[in-house]
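This is upload-v4.txt (compact mmCIF, C-alpha atoms).
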# COMPACT_ATOMS: atom_id res chain seq x y z
CA MET A 1 31.70 4.92 6.92
CA ALA A 2 28.92 5.71 9.42
CA ASP A 3 28.40 9.10 7.74
CA LEU A 4 28.18 7.46 4.35
CA LYS A 5 25.62 4.98 5.66
CA GLN A 6 23.57 7.86 7.04
CA GLN A 7 23.74 9.61 3.66
CA ILE A 8 22.63 6.43 1.86
CA ILE A 9 19.70 6.05 4.24
CA ALA A 10 18.64 9.67 3.70
CA GLN A 11 19.12 9.64 -0.08
CA LEU A 12 17.21 6.38 -0.55
CA ASN A 13 14.55 7.04 2.09
CA LEU A 14 15.36 3.84 3.96
CA LYS A 15 13.65 5.11 7.09
CA ASP A 16 13.42 1.74 8.79
CA LEU A 17 17.19 1.34 8.77
CA LYS A 18 19.87 2.69 11.07
CA PRO A 19 23.51 3.00 10.00
CA GLU A 20 24.47 0.08 12.24
CA ASP A 21 21.97 -2.14 10.38
CA ILE A 22 24.10 -1.92 7.23
CA GLY A 23 27.21 -4.06 7.24
CA ASN A 24 30.36 -2.58 5.74
CA ASP A 25 30.65 -5.48 3.30
CA GLN A 26 26.96 -6.29 2.93
CA PRO A 27 25.88 -6.29 -0.74
CA LEU A 28 23.77 -3.22 -1.49
CA PHE A 29 21.78 -4.78 -4.31
CA VAL A 30 19.59 -7.88 -4.71
CA GLU A 31 20.33 -10.23 -1.83
CA GLY A 32 21.74 -7.55 0.47
CA LEU A 33 19.81 -4.33 1.05
CA GLY A 34 17.60 -5.15 -1.93
CA LEU A 35 18.18 -1.88 -3.76
CA ASP A 36 16.94 -1.48 -7.33
CA SER A 37 18.03 0.32 -10.49
CA ILE A 38 16.44 3.63 -9.43
CA ASP A 39 18.37 3.42 -6.17
CA ALA A 40 21.56 2.99 -8.21
CA LEU A 41 20.80 6.27 -9.97
CA GLU A 42 20.18 7.92 -6.61
CA LEU A 43 23.58 6.70 -5.38
CA ILE A 44 25.16 8.33 -8.44
CA VAL A 45 23.37 11.57 -7.48
CA LEU A 46 24.63 11.19 -3.90
CA LEU A 47 28.24 10.94 -5.08
CA GLN A 48 27.77 14.07 -7.19
CA GLN A 49 25.96 16.10 -4.55
CA GLU A 50 27.96 15.20 -1.49
CA TYR A 51 31.39 14.44 -2.90
CA LYS A 52 31.47 16.15 -6.34
CA ILE A 53 32.38 12.82 -7.91
CA LYS A 54 31.05 11.72 -11.29
CA LEU A 55 31.27 8.07 -12.27
CA ALA A 56 33.23 7.58 -15.46
CA SER A 57 30.83 4.93 -16.79
CA ALA A 58 27.73 2.96 -15.82
CA GLU A 59 29.80 -0.24 -15.73
CA GLU A 60 31.97 1.32 -13.07
CA GLY A 61 28.90 1.56 -10.82
CA GLN A 62 28.67 -2.22 -10.48
CA SER A 63 31.95 -2.43 -8.61
CA VAL A 64 31.68 0.93 -6.83
CA PHE A 65 28.23 0.18 -5.40
CA ARG A 66 28.97 -3.37 -4.33
CA SER A 67 29.04 -2.42 -0.65
CA VAL A 68 29.48 0.57 1.64
CA ARG A 69 33.17 -0.27 1.89
CA THR A 70 33.69 -0.20 -1.89
CA MET A 71 31.80 3.09 -2.08
CA ALA A 72 33.93 4.59 0.71
CA GLN A 73 37.12 3.43 -1.02
CA TYR A 74 36.02 4.96 -4.30
CA ILE A 75 35.15 8.25 -2.59
CA THR A 76 38.52 8.36 -0.82
CA GLU A 77 40.35 7.74 -4.09
CA HIS A 78 38.34 10.16 -6.22
CA GLN A 79 37.25 13.02 -3.98
CA PRO A 80 38.58 16.35 -5.28
CA LYS A 81 41.28 17.64 -3.00
CA ALA A 82 40.51 20.84 -1.10
CA VAL A 83 42.58 23.82 -2.26
CA MET B 84 -16.51 5.71 9.72
CA LEU B 85 -13.73 7.89 11.05
CA LEU B 86 -10.49 5.95 11.41
CA LEU B 87 -7.91 8.65 11.75
CA LYS B 88 -8.30 12.40 12.12
CA ASP B 89 -5.54 14.91 11.65
CA GLU B 90 -5.88 17.55 14.34
CA THR B 91 -2.33 18.83 14.16
CA ASN B 92 -2.63 20.56 10.80
CA SER B 93 0.32 18.47 9.63
CA SER B 94 1.53 18.34 6.04
CA THR B 95 0.18 15.78 3.59
CA THR B 96 3.46 13.86 3.83
CA ASP B 97 3.33 13.77 7.63
CA PHE B 98 -0.32 12.74 7.68
CA LEU B 99 0.26 9.89 5.23
CA LEU B 100 3.25 8.70 7.24
CA SER B 101 1.18 8.83 10.44
CA ALA B 102 -1.56 6.81 8.75
CA TYR B 103 0.99 4.26 7.51
CA LYS B 104 2.28 3.79 11.04
CA TYR B 105 -1.18 3.87 12.64
CA PHE B 106 -2.47 1.10 10.39
CA ASN B 107 0.67 -0.88 11.07
CA VAL B 108 1.49 -1.53 7.44
CA ASP B 109 4.85 -3.17 6.82
CA TYR B 110 6.02 -2.18 3.35
CA PRO B 111 9.40 -0.37 3.32
CA LYS B 112 8.94 0.81 -0.26
CA PHE B 113 6.15 3.07 1.03
CA TYR B 114 8.77 5.58 2.18
CA LYS B 115 10.05 6.03 -1.35
CA MET B 116 6.67 6.72 -2.92
CA ASP B 117 5.37 10.15 -3.81
CA ASN B 118 2.28 11.39 -1.96
CA LEU B 119 -0.19 10.32 -4.65
CA CYS B 120 1.11 6.75 -4.50
CA LYS B 121 1.16 6.77 -0.70
CA LEU B 122 -2.44 7.93 -0.65
CA GLY B 123 -3.67 5.36 -3.17
CA PHE B 124 -1.60 2.63 -1.56
CA LEU B 125 -3.05 3.30 1.92
CA ALA B 126 -6.61 3.63 0.63
CA VAL B 127 -6.37 0.22 -1.06
CA GLU B 128 -4.73 -1.28 2.03
CA LEU B 129 -7.83 -0.34 4.03
CA LEU B 130 -10.18 -1.40 1.25
CA LEU B 131 -8.71 -4.88 1.02
CA LYS B 132 -8.04 -5.41 4.70
CA GLU B 133 -11.16 -7.52 5.13
CA ARG B 134 -11.34 -8.88 1.59
CA ARG B 135 -8.51 -11.07 0.34
CA ILE B 136 -9.11 -10.75 -3.39
CA ALA B 137 -5.94 -12.69 -4.23
CA GLU B 138 -7.63 -15.79 -2.81
CA ALA B 139 -10.84 -15.23 -4.78
CA TYR B 140 -9.52 -14.21 -8.21
CA SER B 141 -6.52 -14.91 -10.40
CA PRO B 142 -4.01 -12.02 -10.70
CA GLU B 143 -4.83 -11.66 -14.40
CA SER B 144 -8.50 -11.09 -13.64
CA ILE B 145 -7.98 -8.26 -11.13
CA GLY B 146 -7.99 -4.81 -12.71
CA ILE B 147 -7.49 -1.27 -11.40
CA VAL B 148 -9.21 1.87 -12.74
CA PHE B 149 -8.51 5.18 -11.03
CA SER B 150 -9.15 8.80 -11.83
CA ASN B 151 -8.26 12.21 -10.43
CA ALA B 152 -8.09 15.88 -11.36
CA SER B 153 -4.44 16.79 -10.90
CA SER B 154 -2.78 13.83 -12.59
CA SER B 155 0.78 13.62 -11.18
CA LEU B 156 1.19 17.39 -10.81
CA ASP B 157 2.19 17.06 -7.15
CA ALA B 158 5.17 14.85 -8.07
CA ASP B 159 5.86 16.93 -11.20
CA LEU B 160 6.33 20.05 -9.07
CA HIS B 161 8.68 18.28 -6.67
CA TYR B 162 10.68 16.95 -9.58
CA PHE B 163 10.77 20.42 -11.15
CA GLU B 164 12.27 21.73 -7.92
CA SER B 165 14.94 19.00 -7.93
CA VAL B 166 15.89 19.78 -11.54
CA LYS B 167 17.23 23.15 -10.39
CA ASN B 168 19.98 21.22 -8.60
CA ILE B 169 20.64 17.62 -9.67
CA PRO B 170 17.49 15.91 -11.03
CA SER B 171 16.28 13.16 -8.73
CA PRO B 172 15.67 9.83 -10.51
CA ALA B 173 13.57 8.65 -7.56
CA GLN B 174 11.24 11.64 -8.01
CA PHE B 175 11.21 11.37 -11.79
CA VAL B 176 9.73 7.86 -11.74
CA TYR B 177 6.59 9.25 -10.06
CA THR B 178 5.87 11.88 -12.70
CA LEU B 179 3.04 9.86 -14.22
CA PRO B 180 -0.35 9.39 -12.54
CA ASN B 181 -0.63 5.68 -13.30
CA ILE B 182 2.42 4.85 -11.17
CA VAL B 183 0.02 4.55 -8.23
CA ILE B 184 -1.66 1.71 -10.13
CA GLY B 185 1.72 0.04 -10.49
CA GLU B 186 2.43 0.32 -6.77
CA VAL B 187 -0.96 -1.17 -5.87
CA SER B 188 -0.52 -3.89 -8.51
CA ILE B 189 2.83 -4.93 -7.06
CA ARG B 190 1.47 -4.97 -3.53
CA HIS B 191 -1.71 -6.95 -4.31
CA ARG B 192 -0.48 -8.89 -7.34
CA CYS B 193 -2.99 -7.40 -9.76
CA LYS B 194 -2.11 -8.19 -13.36
CA GLY B 195 -5.38 -7.40 -15.12
CA GLU B 196 -6.44 -4.38 -17.18
CA ASN B 197 -5.73 -1.01 -15.72
CA ALA B 198 -6.33 2.61 -16.62
CA PHE B 199 -5.94 6.05 -15.07
CA PHE B 200 -8.25 8.84 -16.22
CA VAL B 201 -7.84 12.54 -15.54
CA ASN B 202 -11.12 14.41 -15.12
CA GLU B 203 -11.87 17.77 -13.59
CA ARG B 204 -14.38 16.13 -11.25
CA PHE B 205 -15.19 12.59 -10.22
CA ASP B 206 -17.38 11.17 -13.00
CA ALA B 207 -19.34 8.29 -11.50
CA GLY B 208 -21.15 7.62 -14.79
CA PHE B 209 -17.96 7.24 -16.79
CA MET B 210 -16.23 5.12 -14.14
CA GLN B 211 -19.24 2.82 -13.87
CA PHE B 212 -19.45 2.48 -17.65
CA TYR B 213 -15.75 1.73 -18.07
CA VAL B 214 -15.49 -0.88 -15.32
CA GLN B 215 -18.82 -2.44 -16.27
CA ASP B 216 -17.57 -2.74 -19.85
CA LEU B 217 -14.36 -4.46 -18.70
CA MET B 218 -16.45 -6.95 -16.75
CA ALA B 219 -18.96 -7.49 -19.54
CA ARG B 220 -16.12 -8.31 -21.93
CA ASN B 221 -14.66 -10.65 -19.32
CA ARG B 222 -11.42 -8.65 -19.17
CA VAL B 223 -11.62 -8.48 -15.37
CA LYS B 224 -13.54 -10.31 -12.68
CA ALA B 225 -12.68 -7.88 -9.92
CA CYS B 226 -11.66 -4.25 -10.18
CA ILE B 227 -10.28 -1.77 -7.67
CA SER B 228 -11.66 1.57 -8.70
CA GLY B 229 -12.17 5.13 -7.54
CA TRP B 230 -10.73 8.60 -7.11
CA VAL B 231 -7.18 9.25 -5.86
CA GLU B 232 -6.33 12.94 -5.84
CA CYS B 233 -3.38 14.71 -4.25
CA LEU B 234 -1.98 18.17 -4.82
CA GLY B 235 -0.03 19.96 -2.11
CA ALA B 236 -2.05 20.17 1.08
CA GLU B 237 -5.23 18.86 -0.56
CA TYR B 238 -5.79 15.13 -0.85
CA LYS B 239 -8.69 12.76 -1.18
CA ALA B 240 -9.08 9.08 -1.92
CA VAL B 241 -12.34 7.21 -2.41
CA VAL B 242 -11.83 3.62 -3.52
CA TYR B 243 -14.19 0.70 -3.89
CA LEU B 244 -14.00 -2.88 -5.08
CA VAL B 245 -16.19 -4.15 -7.91
CA GLU B 246 -16.57 -7.92 -8.10
CA SER B 247 -18.19 -10.42 -10.41
CA HIS B 248 -18.83 -12.62 -7.37
CA PRO B 249 -19.40 -10.14 -4.55
CA GLU B 250 -19.75 -11.12 -0.94
CA LYS B 251 -23.16 -11.13 0.68
CA GLY B 252 -24.44 -7.65 1.45
CA ALA B 253 -22.39 -5.89 -1.25
CA LEU B 254 -23.93 -2.79 -2.83
CA PRO B 255 -25.15 -2.98 -6.44
CA PHE B 256 -22.63 -1.57 -8.90
CA ASP B 257 -24.56 1.34 -10.37
CA ILE B 258 -24.07 5.08 -10.70
CA GLU B 259 -26.35 5.87 -7.79
CA HIS B 260 -24.35 3.76 -5.35
CA ILE B 261 -21.00 5.03 -6.64
CA HIS B 262 -22.29 8.56 -6.04
CA GLN B 263 -23.38 7.52 -2.59
CA ILE B 264 -19.96 6.08 -1.70
CA TYR B 265 -18.21 9.17 -3.04
CA GLU B 266 -20.49 11.61 -1.26
CA ILE B 267 -20.31 9.77 2.06
CA ALA B 268 -16.53 9.97 1.80
CA ASN B 269 -16.88 13.64 0.92
CA GLY B 270 -18.87 14.29 4.08
CA GLU B 271 -21.82 15.47 1.98
CA ILE B 272 -24.16 12.77 3.25
CA ASN B 273 -24.22 11.49 6.77
CA GLY B 274 -23.47 7.85 6.31
Could you spell out this file's structure in structure tokens?
Amino acid sequence: MADLKQQIIAQLNLKDLKPEDIGNDQPLFVEGLGLDSIDALELIVLLQQEYKIKLASAEEGQSVFRSVRTMAQYITEHQPKAV
Amino acid sequence: MLLLKDETNSSTTDFLLSAYKYFNVDYPKFYKMDNLCKLGFLAVELLLKERRIAEAYSPESIGIVFSNASSSLDADLHYFESVKNIPSPAQFVYTLPNIVIGEVSIRHRCKGENAFFVNERFDAGFMQFYVQDLMARNRVKACISGWVECLGAEYKAVVYLVESHPEKGALPFDIEHIHQIYEIANGEING
């Protein structure tokens, strides 16, 4: 999950944060990291770029992007298997 | 007055980041802005450092009127580059010049009239007329105004505050003095 945190920091330009500043279960939006709707779109781009994963629907994003842990779980379950 | 001089020939992005850190501004969203917004944001930070307009005027009576030559072309080009891969939403939101007005408005709680004009050169006469007209019609009581231009390695910001109740010693708001402010900032007159 440390790599994923580093990728989130880079993708969202959160230069004041270090991976250890983000809790595994800390909410990413509103009361947690305070991300906004544009950040949500950037997280979708991150999944596509880094993991070749496309979200099936926008509604799905709400549960996937709840925390770093939920993102990591989603990636593990949906990442295309190497041939 | 020279506050910060770049002697390392750094990029516009690096220079703006250095200035942000040098002036000790604490605003995490700064990192996400494009260079035009960073430039305008920092210029207004310095402008309002000694003048707390939020205490003197209601948010609805504070306006912002900016102009430049390159519109949002700097951000447009970066976005164009990103489109070749996966388009970046964070870059797309900066592909309008008036976004810098939005960033300054959020920071300083300005909710009055605003406008962004694109002119080949700084037009002191037009800017004076427009802001004066807003004040005459009582649409604003204070207005952050000026030139915020950024394209690649070239950048320049000259901002000034126009007030209906200026502090003692403020310059008259006329074309001659706007020219003077702009030219001093341009290094054309030794101020």
Nearest residue to chain A from the set B:Phe106, B:Phe163, B:Phe98, B:Phe175 (distances using all atoms listed in the file): B:Phe175
Could you pull the residues within 10 Å of stretch 59-67 of chain A, counting all atoms listed in the file, minus those fewer than 3 positions along the same chain, as an MDAnalysis selection string? chainID A and resid 22:29 32:33 40:41 43:44 55:56 70:75
In Å, how far is it from atom CA of B:Gly235 to atom CA of B:Asp157? 6.2 Å
Atomic separation - atom CA of B:Met218 relative to atom CA of B:Ser144, Å: 9.5 Å
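Residue nearest B:Ser153, chosen from B:Val223, B:Leu217, B:Leu100, B:Leu179 and counting all atoms listed in the file: B:Leu179.
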Record the distance separating atom CA of B:Asn107 and atom CA of B:Gly123, expressed in Å with one decimal. 16.1 Å
Closest pair table for chain A residues within 8 Å of chain B, all atoms listed in the file, as a tab-separated table:
residue	atom	partner	partner_atom	distance
A:Leu12	CA	B:Lys115	CA	7.2
A:Asn13	CA	B:Lys115	CA	5.8
A:Leu14	CA	B:Tyr114	CA	7.0
A:Lys15	CA	B:Tyr114	CA	6.9
A:Asp16	CA	B:Pro111	CA	7.1
A:Ile38	CA	B:Ala173	CA	6.1
A:Asp39	CA	B:Ala173	CA	7.2
A:Leu41	CA	B:Pro172	CA	6.3
A:Glu42	CA	B:Pro172	CA	6.3
A:Val45	CA	B:Ile169	CA	7.0
A:Gln49	CA	B:Ile169	CA	7.5
For the point (-7.4, 3.3, 0.3) in the file's frame, write as a list in words all residues with an atom no more than 9 Å away, counting all atoms listed in the file. Leu122, Gly123, Phe124, Leu125, Ala126, Val127, Glu128, Leu129, Leu130, Leu131, Val231, Ala240, Val241, Val242 and Tyr243 of chain B
To test the calculation: enclose all listed atoms of stretch 138-146 of chain B in a box whose edges run along x, y and z, add 8 Å on each side, then state centre and edge lengths in Å to one decimal, as lines of an AutoDock Vina configuration file.
center_x = -7.4
center_y = -10.3
center_z = -8.6
size_x = 22.8
size_y = 27.0
size_z = 27.6
Excluding same-chain residues fewer than 3 positions from stretch 248-255 of chain B, what lies within 10 Å of it counting all atoms listed in the file, as a PDB file with C-alpha atoms, keeping the file's coordinate frame?
ATOM      1  CA  ARG B 134     -11.340  -8.880   1.590  1.00  0.00           C
ATOM      2  CA  ALA B 139     -10.840 -15.230  -4.780  1.00  0.00           C
ATOM      3  CA  TYR B 140      -9.520 -14.210  -8.210  1.00  0.00           C
ATOM      4  CA  LYS B 224     -13.540 -10.310 -12.680  1.00  0.00           C
ATOM      5  CA  ALA B 225     -12.680  -7.880  -9.920  1.00  0.00           C
ATOM      6  CA  LEU B 244     -14.000  -2.880  -5.080  1.00  0.00           C
ATOM      7  CA  VAL B 245     -16.190  -4.150  -7.910  1.00  0.00           C
ATOM      8  CA  ILE B 258     -24.070   5.080 -10.700  1.00  0.00           C
ATOM      9  CA  GLU B 259     -26.350   5.870  -7.790  1.00  0.00           C
ATOM     10  CA  HIS B 260     -24.350   3.760  -5.350  1.00  0.00           C
ATOM     11  CA  ILE B 261     -21.000   5.030  -6.640  1.00  0.00           C
ATOM     12  CA  ILE B 264     -19.960   6.080  -1.700  1.00  0.00           C
TER      13      ILE B 264
END
Using only C-alpha atoms, which residues sit within 9 Å of B:Asn197 once same-chain residues fewer than 4 positions away are excluded, as number ranges by chain? B: 145-149, 181, 184, 226
